[in-house]
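Data block for query09.txt (compact mmCIF, C-alpha atoms and all ligand atoms):
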# COMPACT_ATOMS: atom_id res chain seq x y z
CA MET A 1 -16.64 14.74 -0.28
CA THR A 2 -13.21 16.20 -0.96
CA LYS A 3 -13.14 19.98 -0.93
CA PRO A 4 -10.29 21.63 -2.81
CA GLN A 5 -7.62 22.93 -0.44
CA THR A 6 -5.48 25.97 -0.97
CA ASP A 7 -1.96 25.38 -2.21
CA ASP A 8 -0.52 27.03 0.90
CA LEU A 9 -2.29 24.58 3.16
CA ARG A 10 -1.22 21.62 1.00
CA TRP A 11 2.44 22.68 1.20
CA LYS A 12 2.21 23.15 4.95
CA LEU A 13 0.67 19.71 5.35
CA PHE A 14 3.25 18.20 3.01
CA GLU A 15 6.11 19.56 5.10
CA THR A 16 4.51 18.17 8.27
CA MET A 17 3.95 14.77 6.63
CA LEU A 18 7.54 14.64 5.39
CA LEU A 19 8.80 15.42 8.89
CA MET A 20 6.57 12.67 10.36
CA ARG A 21 7.86 10.19 7.76
CA ARG A 22 11.55 11.07 8.12
CA PHE A 23 11.11 10.95 11.90
CA GLU A 24 9.80 7.37 11.75
CA GLU A 25 12.60 6.36 9.39
CA SER A 26 15.03 7.69 12.01
CA VAL A 27 13.28 5.72 14.76
CA SER A 28 13.57 2.56 12.69
CA ARG A 29 17.26 3.22 11.99
CA LEU A 30 18.04 3.96 15.65
CA ASN A 31 16.33 0.73 16.68
CA GLU A 32 18.31 -1.25 14.10
CA GLN A 33 21.48 0.35 15.48
CA LYS A 34 20.40 -0.75 18.99
CA HIS A 35 20.18 2.79 20.38
CA PHE A 36 16.97 1.61 22.07
CA THR A 37 15.33 -1.72 22.63
CA GLY A 38 11.79 -2.82 23.41
CA HIS A 39 8.62 -2.73 21.42
CA TYR A 40 7.58 0.31 19.40
CA HIS A 41 5.06 1.34 16.74
CA LEU A 42 5.52 3.48 13.63
CA TYR A 43 2.91 5.91 12.26
CA ILE A 44 3.92 5.34 8.62
CA GLY A 45 0.88 5.30 6.31
CA GLU A 46 -1.31 7.46 8.56
CA GLU A 47 0.45 10.82 8.07
CA ALA A 48 -2.40 12.40 6.11
CA THR A 49 -4.82 11.90 8.99
CA GLY A 50 -2.53 13.15 11.76
CA SER A 51 -1.21 16.18 9.88
CA ALA A 52 -4.70 17.26 8.80
CA ALA A 53 -6.08 16.76 12.31
CA MET A 54 -3.38 18.90 13.92
CA ALA A 55 -3.88 21.64 11.31
CA CYS A 56 -7.54 21.85 12.42
CA LEU A 57 -6.69 22.43 16.08
CA GLU A 58 -5.88 25.64 17.95
CA PRO A 59 -3.14 25.96 20.59
CA ARG A 60 -5.74 25.99 23.44
CA ASP A 61 -7.23 22.64 22.38
CA THR A 62 -6.21 19.44 24.15
CA ILE A 63 -5.32 15.99 22.83
CA THR A 64 -5.00 12.40 24.01
CA THR A 65 -3.24 9.73 21.98
CA THR A 66 -2.05 6.14 21.96
CA HIS A 67 0.89 3.77 21.54
CA ARG A 68 1.03 4.89 17.87
CA ASN A 69 1.63 8.49 18.87
CA HIS A 70 4.89 9.64 17.23
CA GLY A 71 3.17 11.24 14.23
CA HIS A 72 0.66 13.11 16.39
CA VAL A 73 3.31 14.56 18.70
CA ILE A 74 5.56 15.61 15.80
CA ALA A 75 2.68 17.08 13.75
CA ARG A 76 1.56 19.18 16.72
CA GLY A 77 5.01 20.79 16.71
CA ALA A 78 7.08 18.92 19.31
CA ASP A 79 10.83 19.23 18.95
CA PRO A 80 11.96 16.18 16.93
CA GLY A 81 15.27 15.95 18.83
CA ALA A 82 13.57 15.88 22.24
CA ALA A 83 10.98 13.40 20.92
CA LEU A 84 13.69 11.07 19.56
CA ALA A 85 15.67 11.40 22.81
CA GLU A 86 12.54 10.34 24.70
CA ILE A 87 12.21 7.25 22.55
CA LEU A 88 15.82 6.46 23.38
CA GLY A 89 15.01 6.90 27.10
CA ARG A 90 17.43 9.81 27.48
CA ALA A 91 17.46 12.65 30.01
CA GLY A 92 17.04 15.20 27.18
CA GLY A 93 13.79 13.55 26.11
CA LEU A 94 10.39 15.25 26.17
CA ASN A 95 9.55 13.36 29.36
CA GLY A 96 13.04 13.02 30.83
CA GLY A 97 13.35 9.52 29.40
CA ARG A 98 10.55 8.16 31.61
CA GLY A 99 7.87 7.76 28.96
CA GLY A 100 9.64 6.22 26.00
CA THR A 101 7.97 5.51 22.66
CA ILE A 102 4.67 4.29 24.07
CA HIS A 103 4.05 7.26 26.37
CA LEU A 104 5.69 10.03 24.35
CA CYS A 105 3.85 13.17 25.40
CA ASP A 106 4.24 16.94 25.15
CA PRO A 107 2.02 18.56 27.81
CA ALA A 108 3.17 22.04 26.75
CA LEU A 109 1.44 21.42 23.41
CA GLY A 110 -1.85 20.36 24.97
CA PHE A 111 -1.29 16.60 25.16
CA LEU A 112 -3.03 15.64 28.42
CA SER A 113 -1.69 12.13 28.27
CA THR A 114 -0.52 9.39 25.96
CA SER A 115 -1.82 5.97 26.94
CA GLY A 116 -0.46 2.59 25.96
CA ILE A 117 -3.67 1.08 27.29
CA VAL A 118 -5.90 0.40 24.30
CA GLY A 119 -9.07 2.48 24.81
CA GLY A 120 -7.37 4.79 27.33
CA SER A 121 -7.32 7.73 24.95
CA ILE A 122 -11.10 7.55 24.43
CA SER A 123 -11.93 7.59 28.13
CA MET A 124 -9.44 10.35 28.88
CA GLY A 125 -10.86 12.09 25.81
CA SER A 126 -14.27 12.45 27.41
CA GLY A 127 -12.58 13.72 30.57
CA GLY A 128 -10.51 16.20 28.58
CA ALA A 129 -13.59 17.36 26.70
CA PHE A 130 -15.47 17.83 29.98
CA ALA A 131 -12.67 20.13 31.16
CA ARG A 132 -12.88 22.07 27.87
CA LYS A 133 -16.64 22.42 28.28
CA MET A 134 -16.19 23.80 31.82
CA LYS A 135 -13.84 26.43 30.37
CA LYS A 136 -16.70 27.76 28.20
CA ASP A 137 -14.19 29.27 25.76
CA GLY A 138 -14.89 27.24 22.62
CA SER A 139 -11.84 25.05 23.06
CA ILE A 140 -12.23 21.35 22.25
CA HIS A 141 -10.56 18.00 22.81
CA MET A 142 -9.36 15.54 20.18
CA ALA A 143 -8.97 11.86 21.10
CA PHE A 144 -6.95 9.69 18.73
CA PHE A 145 -7.36 5.93 18.91
CA GLY A 146 -7.11 2.84 16.74
CA ASP A 147 -9.96 0.64 15.57
CA SER A 148 -9.26 -1.93 18.31
CA ALA A 149 -10.04 0.62 21.00
CA LEU A 150 -13.74 0.15 20.25
CA GLU A 151 -13.47 -3.41 21.52
CA GLU A 152 -12.88 -2.04 25.00
CA GLY A 153 -15.91 -1.63 27.28
CA VAL A 154 -14.71 1.78 28.46
CA ALA A 155 -15.10 3.10 24.91
CA PHE A 156 -18.88 2.62 25.08
CA GLU A 157 -19.13 4.36 28.44
CA ALA A 158 -16.93 7.27 27.35
CA LEU A 159 -18.88 7.76 24.10
CA ASN A 160 -22.17 7.56 25.99
CA ILE A 161 -21.25 10.20 28.54
CA ALA A 162 -19.85 12.44 25.78
CA ALA A 163 -23.16 12.18 23.93
CA LEU A 164 -25.29 12.72 27.03
CA TRP A 165 -23.31 15.75 28.18
CA LYS A 166 -22.66 17.13 24.67
CA LEU A 167 -18.93 17.16 25.30
CA PRO A 168 -16.77 18.96 22.70
CA CYS A 169 -14.75 15.92 21.66
CA VAL A 170 -13.58 14.83 18.22
CA PHE A 171 -13.26 11.05 18.51
CA LEU A 172 -10.79 10.29 15.74
CA CYS A 173 -10.56 6.60 14.96
CA GLU A 174 -7.57 5.68 12.81
CA ASN A 175 -8.73 2.41 11.27
CA ASN A 176 -5.81 0.54 9.75
CA SER A 177 -7.57 -2.83 9.76
CA ALA A 178 -9.41 -2.58 6.44
CA GLU A 179 -7.62 -5.61 5.05
CA ALA A 180 -7.06 -7.45 8.30
CA TRP A 181 -10.60 -7.29 9.59
CA ALA A 182 -10.75 -10.76 11.06
CA PRO A 183 -8.35 -13.46 12.21
CA GLY A 184 -6.92 -15.50 9.38
CA SER A 185 -7.04 -12.76 6.74
CA GLY A 186 -3.28 -12.34 6.87
CA GLY A 187 -1.09 -9.78 8.59
CA TYR A 188 -1.21 -9.03 12.28
CA THR A 189 -4.90 -8.43 12.88
CA THR A 190 -5.82 -5.76 15.38
CA LEU A 191 -9.60 -5.72 15.02
CA VAL A 192 -11.79 -8.53 16.25
CA HIS A 193 -15.21 -6.91 16.51
CA ALA A 194 -18.76 -8.14 16.04
CA ALA A 195 -19.67 -4.78 14.46
CA HIS A 196 -18.62 -4.71 10.82
CA ASP A 197 -19.08 -0.97 10.60
CA LEU A 198 -17.55 0.74 13.62
CA ARG A 199 -19.58 3.89 12.96
CA ALA A 200 -22.64 1.97 14.13
CA ILE A 201 -21.39 2.12 17.73
CA PRO A 202 -21.29 5.94 18.19
CA ALA A 203 -24.26 6.30 15.82
CA ALA A 204 -26.36 4.19 18.20
CA LEU A 205 -25.70 6.88 20.82
CA GLY A 206 -26.71 9.69 18.48
CA ILE A 207 -23.15 10.86 17.77
CA PRO A 208 -22.72 12.11 14.18
CA THR A 209 -20.21 9.96 12.26
CA THR A 210 -18.10 10.38 9.14
CA ARG A 211 -15.82 7.96 7.33
CA VAL A 212 -12.96 9.41 5.31
CA ASP A 213 -10.09 8.13 3.15
CA GLY A 214 -7.22 8.48 5.63
CA VAL A 215 -4.66 8.64 2.82
CA ASP A 216 -6.27 11.67 1.16
CA VAL A 217 -5.07 14.72 3.09
CA ASP A 218 -7.59 17.08 1.45
CA ALA A 219 -10.48 14.82 2.39
CA CYS A 220 -9.14 14.37 5.93
CA HIS A 221 -8.75 18.09 6.44
CA ALA A 222 -12.25 18.86 5.17
CA ALA A 223 -13.91 16.16 7.28
CA ILE A 224 -11.99 16.93 10.46
CA MET A 225 -12.50 20.69 10.10
CA GLU A 226 -16.25 20.10 9.85
CA GLY A 227 -16.18 17.95 13.00
CA VAL A 228 -14.06 20.47 14.88
CA ALA A 229 -16.47 23.28 13.92
CA ARG A 230 -19.46 21.29 15.28
CA CYS A 231 -17.65 20.73 18.56
CA ARG A 232 -16.63 24.38 18.88
CA ALA A 233 -20.22 25.43 18.21
CA GLY A 234 -21.34 23.41 21.26
CA GLU A 235 -23.17 20.76 19.26
CA GLY A 236 -21.54 17.84 21.09
CA PRO A 237 -19.09 15.13 20.08
CA VAL A 238 -18.35 13.76 16.62
CA PHE A 239 -16.84 10.46 15.50
CA ILE A 240 -14.55 10.39 12.47
CA GLU A 241 -13.21 7.13 11.07
CA ALA A 242 -10.11 7.60 8.89
CA MET A 243 -9.47 4.51 6.79
CA THR A 244 -5.90 3.57 5.87
CA LYS A 245 -4.40 0.41 4.44
CA ARG A 246 -2.08 -1.30 6.90
CA TRP A 247 1.50 -0.31 5.97
CA ALA A 248 3.38 -3.55 5.23
CA GLY A 249 6.03 -2.63 7.80
CA SER A 250 3.36 -2.69 10.54
CA ALA A 251 2.14 -6.17 9.58
CA PRO A 252 4.69 -8.09 11.65
CA LEU A 253 4.59 -7.82 15.43
CA TRP A 254 7.79 -5.76 15.30
CA PRO A 255 7.94 -2.95 12.73
CA GLU A 256 10.17 -3.40 9.71
CA LEU A 257 11.05 -0.66 7.21
CA SER A 258 9.88 -3.05 4.50
CA THR A 259 9.15 -0.33 1.92
CA GLY A 260 12.57 1.24 2.47
CA VAL A 261 13.50 4.87 3.01
CA THR A 262 10.87 6.92 1.14
CA ASP A 263 12.12 7.86 -2.33
CA LEU A 264 10.23 10.94 -3.56
CA ARG A 265 11.47 10.24 -7.09
CA MET A 266 8.68 7.64 -7.12
CA ALA A 267 6.30 10.60 -7.30
CA THR A 268 8.04 12.04 -10.36
CA GLY A 269 8.37 8.75 -12.22
CA GLU A 270 12.17 8.82 -11.88
CA ALA A 271 12.26 5.79 -9.55
CA SER A 272 10.50 2.50 -10.13
CA THR A 273 7.49 1.47 -8.04
CA THR A 274 7.36 -2.09 -9.32
CA GLY A 275 7.62 -5.13 -7.08
CA GLU A 276 5.96 -6.43 -3.96
CA HIS A 277 4.94 -2.98 -2.66
CA HIS A 278 3.70 -1.56 -5.97
CA ALA A 279 0.16 -0.81 -4.68
CA TRP A 280 1.53 0.94 -1.60
CA PHE A 281 3.86 3.16 -3.63
CA GLU A 282 1.21 3.97 -6.23
CA HIS A 283 -1.91 4.43 -4.08
CA ASP A 284 -1.58 3.92 -0.35
CA ASP A 285 1.45 5.97 0.70
CA PRO A 286 -0.01 9.36 1.75
CA VAL A 287 3.33 11.17 1.35
CA LEU A 288 3.83 10.00 -2.24
CA ARG A 289 0.17 10.67 -2.98
CA LEU A 290 0.37 14.29 -1.87
CA ALA A 291 3.71 14.75 -3.66
CA ARG A 292 2.01 13.63 -6.89
CA THR A 293 -0.86 16.07 -6.30
CA LEU A 294 1.60 18.93 -5.79
CA LEU A 295 3.56 17.98 -8.91
CA ALA A 296 0.57 17.38 -11.19
CA GLY A 297 0.76 19.81 -14.07
CA ALA A 298 3.29 21.94 -12.18
CA PRO A 299 6.80 20.76 -13.08
CA ALA A 300 8.23 23.88 -11.44
CA ASN A 301 7.14 22.44 -8.08
CA LYS A 302 9.68 19.64 -8.34
CA ALA A 303 12.53 21.72 -6.93
CA ARG A 304 10.32 22.89 -4.07
CA VAL A 305 9.39 19.30 -3.15
CA PHE A 306 13.01 18.12 -3.11
CA ASP A 307 14.32 21.25 -1.35
CA MET A 308 11.69 20.79 1.35
CA ASP A 309 12.72 17.16 1.79
CA ALA A 310 16.40 18.13 2.03
CA ARG A 311 15.57 20.64 4.79
CA VAL A 312 13.50 18.08 6.66
CA ARG A 313 16.26 15.47 6.39
CA ALA A 314 18.85 17.94 7.66
CA ARG A 315 16.56 18.73 10.61
CA MET A 316 16.23 15.01 11.37
CA ALA A 317 19.99 14.49 11.15
CA GLU A 318 20.39 17.19 13.84
CA ALA A 319 17.61 15.61 15.89
CA GLU A 320 19.30 12.19 15.72
CA ALA A 321 22.65 13.67 16.78
CA PHE A 322 20.98 15.44 19.72
CA ALA A 323 19.17 12.28 20.85
CA ILE A 324 22.24 10.06 20.63
CA ALA A 325 24.38 12.60 22.50
CA SER A 326 21.80 13.01 25.27
CA PRO A 327 22.84 11.13 28.44
CA SER A 328 20.75 8.52 30.21
CA PRO A 329 18.91 9.86 33.28
CA ALA A 330 21.25 10.14 36.29
CA ALA A 331 20.90 7.37 38.87
CA ALA A 332 20.29 10.02 41.54
CA THR A 333 17.03 10.98 39.77
CA LEU A 334 15.65 7.44 39.93
CA LEU A 335 12.87 8.32 42.38
CA ASP A 336 11.94 11.66 40.78
CA HIS A 337 8.31 11.78 39.56
CA VAL A 338 7.38 8.74 41.66
CA PHE A 339 4.03 9.46 43.33
CA ALA A 340 4.31 7.05 46.25
C1 LIG B 401 -6.19 -2.86 27.25
C2 LIG B 401 -5.11 -3.38 26.36
N1 LIG B 401 -5.23 -4.60 25.79
C3 LIG B 401 -4.25 -5.08 24.98
C4 LIG B 401 -3.14 -4.34 24.73
C5 LIG B 401 -2.04 -4.85 23.81
N2 LIG B 401 -2.08 -4.11 22.54
C6 LIG B 401 -1.18 -3.15 22.27
S1 LIG B 401 -1.44 -2.43 20.76
C7 LIG B 401 -2.76 -3.44 20.46
C8 LIG B 401 -3.53 -3.32 19.18
C9 LIG B 401 -4.08 -1.97 19.03
O1 LIG B 401 -4.80 -1.85 17.82
P1 LIG B 401 -5.43 -0.48 17.43
O2 LIG B 401 -6.07 0.15 18.62
O3 LIG B 401 -6.29 -0.72 16.24
O4 LIG B 401 -4.17 0.41 17.07
P2 LIG B 401 -3.08 0.16 15.92
O5 LIG B 401 -1.91 -0.49 16.60
O6 LIG B 401 -3.69 -0.72 14.87
O7 LIG B 401 -2.75 1.52 15.42
C10 LIG B 401 -2.99 -4.31 21.52
C11 LIG B 401 -4.08 -5.30 21.55
C12 LIG B 401 -3.04 -3.08 25.35
N3 LIG B 401 -1.98 -2.28 25.16
N4 LIG B 401 -4.04 -2.61 26.15
MG MG B 402 -5.66 -0.71 14.24
Using structure tokens, write down the structure from this file.
Ligand SMILES: Cc1ncc(C[n+]2csc(CCOP(=O)(O)OP(=O)(O)O)c2C)c(N)n1
Ligand SMILES: [Mg+2]
Amino acid sequence: MTKPQTDDLRWKLFETMLLMRRFEESVSRLNEQKHFTGHYHLYIGEEATGSAAMACLEPRDTITTTHRNHGHVIARGADPGAALAEILGRAGGLNGGRGGTIHLCDPALGFLSTSGIVGGSISMGSGGAFARKMKKDGSIHMAFFGDSALEEGVAFEALNIAALWKLPCVFLCENNSAEAWAPGSGGYTTLVHAAHDLRAIPAALGIPTTRVDGVDVDACHAAIMEGVARCRAGEGPVFIEAMTKRWAGSAPLWPELSTGVTDLRMATGEASTTGEHHAWFEHDDPVLRLARTLLAGAPANKARVFDMDARVRARMAEAEAFAIASPSPAAATLLDHVFA
């Protein structure tokens, strides 16, 4: 059930979502311009979930995330320039250029680890939540993962131990497979699971579950806040499944900015949404959806929306310049951070 949110919270979430979106558009552009090579994943289409989730956390809480991490790291407040530099593998990056896009991580903001191993975030999530429980201070852990992670055996074990030990973990499943549920249904399928309702897996272990529209930021915030409150109260883990449509640009193996640079005039009716991506522009893009909510019946908000976007774009232009100017790690540092 969607609870009405305050306007202040909506504006805060909108600014975060815009920054996440403009960040990913920069990543796409920098890849096209060959500033970095190798595989990468964009968070476009899932901004409502990540921004709402981060708004429910406190600074003392910890987080684990996945290969599709950019949005989480940015929404938690990481510096966009240092994050972009990391994706470019530069010395000025969040992790000195060692992590790259797949392992982008900001430990200072409570990210314990970012794992490119599907299912890794769930297992480290139970570990992180165990540490929080030992602290006895009401802090919690949030583990982000995709729908495919539940195919991994370790997911069952990690959920089981979290249930048995009442660990304060929000297991946040970002399910972007709604229309690519099985092989042959088109697009690049991620989920091949015998369970047709993923909630059945944690539910079998007695973990409370919720499914929420991952494009609706109000609904996400309400559902995640409820889960976070349960965890903080010592009632054990929760499982939240945020459903999003697969963004067309994530359908191919390599991301493509197929829907173009986001044009907020689509939310005011000043730019056309017709064509191949009509449904995405009208219903499935969380940024455009929230822009429409903010503008509904409040024409005076138009200037605020576009001013906010201009500020965010200027911030991203600075971030891009910083990342591109950042040098590659010095050869002499090659063996730094090597354990053995
Ligand atoms: C253990 C493991 N198996 C396979 C892969 C290759 N792989 C990378 S991303 C991915 C799909 C992940 O899907 P999902 O968890 O739903 O996240 P999404 O990319 O859809 O956000 C796979 C199979 C991997 N990284 N780790
Ligand atoms: Mg998926």
Surrounding residues as a ChimeraX atom specification, ligand MG 402 (chain B), max 8 Å, all atoms listed in the file | /A:146-148,174-177,189-191
Interatomic distance between atom CA of Ser328 of chain A and atom CA of Gly89 of chain A?
-> 6.7 Å
Just the residues within 12 Å of Ile161 of chain A, please, counting all atoms listed in the file, with nothing from its chain fewer than 3 positions along; format it as a PDB file with C-alpha atoms, keeping the file's coordinate frame.
ATOM      1  CA  ILE A 122     -11.100   7.550  24.430  1.00  0.00           C
ATOM      2  CA  SER A 123     -11.930   7.590  28.130  1.00  0.00           C
ATOM      3  CA  MET A 124      -9.440  10.350  28.880  1.00  0.00           C
ATOM      4  CA  GLY A 125     -10.860  12.090  25.810  1.00  0.00           C
ATOM      5  CA  SER A 126     -14.270  12.450  27.410  1.00  0.00           C
ATOM      6  CA  GLY A 127     -12.580  13.720  30.570  1.00  0.00           C
ATOM      7  CA  ALA A 129     -13.590  17.360  26.700  1.00  0.00           C
ATOM      8  CA  PHE A 130     -15.470  17.830  29.980  1.00  0.00           C
ATOM      9  CA  VAL A 154     -14.710   1.780  28.460  1.00  0.00           C
ATOM     10  CA  ALA A 155     -15.100   3.100  24.910  1.00  0.00           C
ATOM     11  CA  PHE A 156     -18.880   2.620  25.080  1.00  0.00           C
ATOM     12  CA  GLU A 157     -19.130   4.360  28.440  1.00  0.00           C
ATOM     13  CA  ALA A 158     -16.930   7.270  27.350  1.00  0.00           C
ATOM     14  CA  LEU A 164     -25.290  12.720  27.030  1.00  0.00           C
ATOM     15  CA  TRP A 165     -23.310  15.750  28.180  1.00  0.00           C
ATOM     16  CA  LYS A 166     -22.660  17.130  24.670  1.00  0.00           C
ATOM     17  CA  LEU A 167     -18.930  17.160  25.300  1.00  0.00           C
ATOM     18  CA  PRO A 168     -16.770  18.960  22.700  1.00  0.00           C
ATOM     19  CA  CYS A 169     -14.750  15.920  21.660  1.00  0.00           C
ATOM     20  CA  PRO A 202     -21.290   5.940  18.190  1.00  0.00           C
ATOM     21  CA  LEU A 205     -25.700   6.880  20.820  1.00  0.00           C
ATOM     22  CA  GLY A 206     -26.710   9.690  18.480  1.00  0.00           C
ATOM     23  CA  ILE A 207     -23.150  10.860  17.770  1.00  0.00           C
ATOM     24  CA  GLY A 236     -21.540  17.840  21.090  1.00  0.00           C
ATOM     25  CA  PRO A 237     -19.090  15.130  20.080  1.00  0.00           C
TER      26      PRO A 237
END
Ligand LIG 401 (chain B) proximity check over A:Gly92, A:Gly110, A:Pro327, A:Pro252, using only C-alpha atoms and all ligand atoms: winner is A:Pro252
Can you find the residues with an atom no farther than 10 Å from (-14.2, 14.5, 4.5), counting only C-alpha atoms, and report them as a PyMOL selection string?
-> chain A and resi 1-3+210-214+216-227+240-242
Requested write-out: C-alpha atoms of the selected residues, as a short mmCIF file (atom, residue, chain, number, x, y, z; two decimals), in the frame of the given file:
data_model
loop_
_atom_site.label_atom_id
_atom_site.label_comp_id
_atom_site.auth_asym_id
_atom_site.auth_seq_id
_atom_site.Cartn_x
_atom_site.Cartn_y
_atom_site.Cartn_z
CA MET A 1 -16.64 14.74 -0.28
CA THR A 2 -13.21 16.20 -0.96
CA LYS A 3 -13.14 19.98 -0.93
CA THR A 210 -18.10 10.38 9.14
CA ARG A 211 -15.82 7.96 7.33
CA VAL A 212 -12.96 9.41 5.31
CA ASP A 213 -10.09 8.13 3.15
CA GLY A 214 -7.22 8.48 5.63
CA ASP A 216 -6.27 11.67 1.16
CA VAL A 217 -5.07 14.72 3.09
CA ASP A 218 -7.59 17.08 1.45
CA ALA A 219 -10.48 14.82 2.39
CA CYS A 220 -9.14 14.37 5.93
CA HIS A 221 -8.75 18.09 6.44
CA ALA A 222 -12.25 18.86 5.17
CA ALA A 223 -13.91 16.16 7.28
CA ILE A 224 -11.99 16.93 10.46
CA MET A 225 -12.50 20.69 10.10
CA GLU A 226 -16.25 20.10 9.85
CA GLY A 227 -16.18 17.95 13.00
CA ILE A 240 -14.55 10.39 12.47
CA GLU A 241 -13.21 7.13 11.07
CA ALA A 242 -10.11 7.60 8.89
#
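Straight-line separation from atom CA of Pro255 of chain A to atom CA of Leu42 of chain A: 6.9 Å.
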Answer as a ChimeraX atom specification, residues within 7 Å of (3.5, 13.8, 22.2) using all atoms listed in the file = /A:69-70,72-74,78,104-106,111
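Note that atom CA of Ser115 of chain A and atom CA of His67 of chain A are 6.4 Å apart.
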May I have the residues within 8 Å of segment 298-309 of chain A as an MDAnalysis selection string, using only C-alpha atoms and disregarding those fewer than 6 positions away in the same chain?
-> chainID A and resid 15 18 264 291
